[in-house]
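A.B. asks: My structure is below; once you've seen it, I'll send some questions.
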Amino acid sequence: MQKANNPYAVDPDEIASLAKLRLTPAERERLLRELPELIAFAAGLDAPDEARDAAVPEKSALRPDAPAADPTFDRAIMRADAPVLRDGCFVVPAVVTEDAG
Amino acid sequence: MNVCDMTVAALSALLRKREISAVETANAFLARIAERDGLHGAFLTTTADLALRQAARADARLASGENVTLLTGVPFAVKDNICVKGVRTTCGSRILSGYIAPYDAFAARRLLDGGAVLLGKTNMDEFGMGASTTHSAFQITRNPADPDRIPGGSSGGSAAAVAAGEAAFALGSDTGGSVRQPAAFCGAVGLKPTYGAVSRRGLVAFASSLDQIGPLTRCVGDAALVFDAIAGHDDGDATSARRRLPPLADAVGREVSGMRAGLPRELLGDGIDPQIREAVRNAARRLASLGVRVEETSLPALTQTLGAYYVISSAEASSNLARYDGVRYGRRAENCPDAASLYVRSRSEGFGDEVKRRILLGTFVLSAGFRDAYYQRAVAARARVRRDFDRAFADFDFLLAPTAPTAAPRFDETPDDPVRVYAGGVCTVPANLAGLPAMSVPFGKTPDGRPAAVQLIGPAFGEEVLIAAGHALEQEAKA
């Protein structure tokens with residue numbers, strides 16, 4: 001694609017693949033138009049500067065590595081919204097197919 | 001006065017004096033919803049049977065006098081990204097259209113344990129991404145002040161429900177302004193707490209470092225009551241603050257003379273509608289008449305907040321929404337030959353345009369070769385925003401600013417261009433980036449009759465200051 005129209009070298013198909021999304025032709029065309037504008041919006045941010053941008057000290061948000069006070073959820077509850085179950089397991093189509101190299 | 005138009009405080013007093021029952025109150029609100037929500041579209045799910053059972057239990061508590069709280073018997077609504085056990089929770093998305101929450105969010109649980117009565121789940125922009133509630137997969141919501149205008153978003157359903165008297169109060173969530181802006185547009189009070197003050201357990205994640213649950217109410221005093229009920233430490237949320245906050249209700253009516261208020265000039269520039277700028281200036285004059293010292297100030301880092309917000313929030317959203325793959329819950333595409341196509345098709349069929357846009361932007365800014373150029377810069381900008389606020393709060397007790405650059409636009413005025421839409425968050429996203437409390441308070445109307453509002457921003461865990469100053473402004477607005 002022309003760099004002038006796509007100064008940030010956005011490859012919508014590659015990004016969609018990473019995001020596990022499939023774009024329709026109309027979505028792809030819209031994305032080619034919108035993403036560079038959105039990225040330009042973000043591209044105005046100043047580069048980090050070590051002296052100016054020393055990290056704001058924060059206390060760790062991690063809790064102690066111990067079992068949570070609340071009991072974990074019952075499996076039946078967690079399976080209740082599953083689209084497809086078999087023998088109590090979530091069903092997923094084959095991850096590795098015969099075509100895989 | 002109809003109970004549906006009362007404040008929480010007034011309704012609670014009637015309930016505790018047994019002048020009205022919780023069942024009568026619930027029925028009144030359900031009748032109001034039946035009468036008006038066909039026009040407003042605030043609710044995605046109403047829970048009438050559940051509400052009446054809860055109301056009956058509330059009446060038993062009120063009769064015995066045991067375990068009675070200020071919210072016992074008070075009907076409320078919850079934004080549809082906050083889980084209530086056994087109730088459909090869609091996040092405004094096709095991908096969760098049939099999802100039934102398996103547990104209560106901590107904030108919802110607190111309200112239900114206190115005897116509040118759930119009326120239903122409210123409409124929202126899909127997964128919290130939007131500022132109009134037009135990005136819901138299911139319906140639009142109309143602004144009760146003018147049905148040709150948007151209610152704002154993403155908590156537009158909750159704001160409309162409160163403004164229309166379809167709920168005494170509501171919970172929303174605020175990642176970049178989604179409680180405050182719809183509150184401003186609909187003429188309600190909207191409070192975004194300090195990050196960590198209210199547990200995020202049971203709030204479906206959009207951007208985990210920015211999301212907060214907050215109340216939408218008819219008055220500042222009610223916001224304090226609801227905040228007091230939902231705030232507090234939760235072991236189930238690793239980012240939940242351990243800090244014990246004093247009751248916010250004690251700050252209502254507190255003297256404001258001697259307080260210091262700053263007006264950040266970066267939030268009063270040319271991008272702000274003159275009618276809104278005048279509302280803020282008028283609020284500043286009224287505060288000054290009450291003995292508040294008001295001065296202009298500058299937070300230069302605020303010029304970078306929109307870019308930082310959209311990079312960080314989109315990056316976090318792309319990660320948080322990776323869980324929707326058709327396997328454990330949610331919409332599942334049919335006839336997929338392999339796992340890869342299951343994930344891609346379920347997500348592509350289930351997500352709307354705005355959600356896809358944000359996921360793609362977030363994926364891009366985190367991808368190899370671009371992370372330093374975008375994500376790391378955004379993180380650095382966020383640190384600068386925090387430092388500017390810290391410096392400001394050395395000189396001021398709170399900051400006064402617009403909530404949004406304009407009052408509520410008409411549906412046909414809402415821009416298509418995402419950059420213009422995103423620019424509408426310029427006044428609200430700074431508080432999210434810095435993790436600070438902020439509250440929108442109605443302040444009169446624009447000359448053309450739309451609700452106007454002002455925003456107060458406080459230091460971390462400084463909600464008391466916002467309640468005191470917000471209440472004072474609210475009384476001035478009525479005068």
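Residues in the structure tokens are numbered from 1 in each chain, the chains being A, B, ... in the order shown, and ligands are numbered from 1 in the order shown.
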Residues near stretch 198-203 of chain B, anyone? I mean within 7 Å using only C-alpha atoms, not counting same-chain ones fewer than 5 positions away, as a list in words.

C.D. replies: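 Result of the neighbour search: Asn81, Ile82, Cys83, Asp104, Ala105, Phe106, Ala107, Gln212, Ile213, Ile230, Ala231, Gly232, His233, Asp234, Gly236, Asp237 and Ser240 of chain B.
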
A.B. asks: Against chain B, which residues of chain A fall within 6 Å? For each one I want the closest pair of atoms and the distance in Å (one decimal), counting only C-alpha atoms, rows by chain and increasing residue number, as a Markdown table.

C.D. replies:
| residue | atom | partner | partner_atom | distance |
| --- | --- | --- | --- | --- |
| A:Lys20 | CA | B:Val344 | CA | 4.8 |
| A:Leu21 | CA | B:Val344 | CA | 4.9 |
| A:Arg22 | CA | B:Ser348 | CA | 5.8 |
| A:Phe41 | CA | B:Gly307 | CA | 5.7 |
| A:Ala42 | CA | B:Gly307 | CA | 4.2 |
| A:Ala47 | CA | B:Arg377 | CA | 5.6 |
| A:Pro48 | CA | B:Arg377 | CA | 5.6 |
| A:Ala61 | CA | B:Thr239 | CA | 5.5 |
| A:Leu62 | CA | B:Ala238 | CA | 5.9 |
| A:Arg63 | CA | B:Ala238 | CA | 6.0 |
| A:Asp81 | CA | B:Tyr329 | CA | 5.1 |
| A:Ala82 | CA | B:Tyr329 | CA | 4.7 |
| A:Pro83 | CA | B:Tyr329 | CA | 6.0 |
| A:Pro93 | CA | B:Asp338 | CA | 4.8 |
| A:Ala94 | CA | B:Asp338 | CA | 4.9 |
| A:Val95 | CA | B:Ala339 | CA | 5.0 |

A.B. asks: Save out the residues we just selected, C-alpha atoms, as a PDB file, in the first residue's frame.

C.D. replies:
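Okay, this is what ended up in selection11.pdb:
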ATOM      1  CA  LYS A  20      -7.869 -13.573  16.122  1.00  0.00           C
ATOM      2  CA  LEU A  21     -10.292 -11.561  14.026  1.00  0.00           C
ATOM      3  CA  ARG A  22     -11.312 -11.930  10.403  1.00  0.00           C
ATOM      4  CA  PHE A  41      -3.480  10.454  17.576  1.00  0.00           C
ATOM      5  CA  ALA A  42      -1.205   8.356  19.775  1.00  0.00           C
ATOM      6  CA  ALA A  47       9.448   9.982  23.864  1.00  0.00           C
ATOM      7  CA  PRO A  48      10.293   8.694  27.343  1.00  0.00           C
ATOM      8  CA  ALA A  61      -0.480  -4.818  44.200  1.00  0.00           C
ATOM      9  CA  LEU A  62       0.263  -8.536  44.546  1.00  0.00           C
ATOM     10  CA  ARG A  63      -1.402 -10.339  47.380  1.00  0.00           C
ATOM     11  CA  ASP A  81     -22.406 -21.193  30.462  1.00  0.00           C
ATOM     12  CA  ALA A  82     -20.321 -23.525  28.285  1.00  0.00           C
ATOM     13  CA  PRO A  83     -21.529 -23.582  24.684  1.00  0.00           C
ATOM     14  CA  PRO A  93     -12.300 -28.629  17.668  1.00  0.00           C
ATOM     15  CA  ALA A  94      -8.965 -30.134  16.733  1.00  0.00           C
ATOM     16  CA  VAL A  95      -6.049 -27.838  17.478  1.00  0.00           C
TER      17      VAL A  95
END

A.B. asks: Please indicate the distance in Å from atom CA of B:Glu278 to atom CA of B:Gly424, rounded to one decimal place.

C.D. replies: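 Separation of atom CA of B:Glu278 and atom CA of B:Gly424: 17.8 Å.
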
A.B. asks: So how many Å separate atom CA of B:Ser257 and atom CA of B:Phe461, to one decimal?

C.D. replies: 20.7 Å

A.B. asks: Please determine, counting only C-alpha atoms, which residue among B:Ala164, B:Ala249, B:Ala301, B:Leu62 has the shortest atom-to-atom distance to B:Asp146.

C.D. replies: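 Going through B:Ala164, B:Ala249, B:Ala301, B:Leu62 one by one, the smallest distance to B:Asp146 is for B:Ala164.
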
A.B. asks: So that I can check the surroundings of stretch 442-451 of chain B, please list as number ranges by chain every protein, DNA and RNA residue that reaches within 12 Å of it, counting only C-alpha atoms and ignoring chain neighbours fewer than 5 positions away.

C.D. replies: B: 143-152, 163, 180-191, 216-220, 273-284, 286, 402-404, 406-410, 456, 470-479

A.B. asks: Can you spit out the residues from that selection as a tab-separated table (two decimals), in the first residue's frame, using C-alpha atoms?

C.D. replies:
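Listed below is the output, selection.tsv:
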chain	number	residue	atom	x	y	z
B	143	ASN	CA	-31.71	10.79	27.06
B	144	PRO	CA	-34.72	11.38	29.36
B	145	ALA	CA	-34.03	15.13	29.22
B	146	ASP	CA	-34.56	15.04	25.43
B	147	PRO	CA	-35.24	11.73	23.65
B	148	ASP	CA	-33.62	13.01	20.43
B	149	ARG	CA	-30.31	13.25	22.29
B	150	ILE	CA	-27.85	10.60	23.40
B	151	PRO	CA	-27.57	9.77	27.10
B	152	GLY	CA	-23.79	9.56	26.83
B	163	ALA	CA	-32.70	10.56	35.43
B	180	ARG	CA	-19.26	10.95	34.75
B	181	GLN	CA	-20.05	11.86	31.15
B	182	PRO	CA	-23.48	10.14	30.93
B	183	ALA	CA	-24.30	11.58	34.36
B	184	ALA	CA	-23.49	15.05	32.97
B	185	PHE	CA	-25.54	14.50	29.82
B	186	CYS	CA	-28.60	13.23	31.71
B	187	GLY	CA	-28.55	15.62	34.67
B	188	ALA	CA	-27.42	13.09	37.29
B	189	VAL	CA	-24.49	12.92	39.71
B	190	GLY	CA	-21.75	10.47	38.72
B	191	LEU	CA	-18.81	9.52	40.93
B	216	LEU	CA	-25.02	7.37	39.48
B	217	THR	CA	-27.53	9.19	41.65
B	218	ARG	CA	-29.90	12.15	41.77
B	219	CYS	CA	-27.90	14.11	44.30
B	220	VAL	CA	-24.45	14.29	45.86
B	273	ASP	CA	-18.05	24.59	24.11
B	274	PRO	CA	-18.42	28.20	25.34
B	275	GLN	CA	-21.68	27.27	27.14
B	276	ILE	CA	-19.85	24.60	29.14
B	277	ARG	CA	-16.88	26.88	29.83
B	278	GLU	CA	-19.32	29.46	31.18
B	279	ALA	CA	-20.95	26.85	33.43
B	280	VAL	CA	-17.53	26.06	34.92
B	281	ARG	CA	-16.68	29.74	35.37
B	282	ASN	CA	-20.07	30.30	37.00
B	283	ALA	CA	-19.44	27.37	39.36
B	284	ALA	CA	-16.04	28.91	40.20
B	286	ARG	CA	-20.28	30.54	43.25
B	402	PRO	CA	-15.80	20.57	32.62
B	403	THR	CA	-17.03	16.97	32.61
B	404	ALA	CA	-17.30	16.93	28.82
B	406	THR	CA	-20.19	19.78	25.17
B	407	ALA	CA	-23.64	19.04	26.55
B	408	ALA	CA	-25.53	16.06	25.09
B	409	PRO	CA	-25.60	16.10	21.27
B	410	ARG	CA	-28.48	14.85	19.14
B	456	LEU	CA	-14.47	18.00	40.52
B	470	GLY	CA	-20.03	19.02	45.22
B	471	HIS	CA	-22.83	19.35	47.76
B	472	ALA	CA	-22.09	23.04	48.18
B	473	LEU	CA	-22.28	23.53	44.40
B	474	GLU	CA	-25.48	21.53	44.23
B	475	GLN	CA	-27.10	23.83	46.80
B	476	GLU	CA	-25.86	26.89	44.88
B	477	ALA	CA	-27.32	25.50	41.64
B	478	LYS	CA	-30.74	25.20	43.30
B	479	ALA	CA	-30.61	28.73	44.71
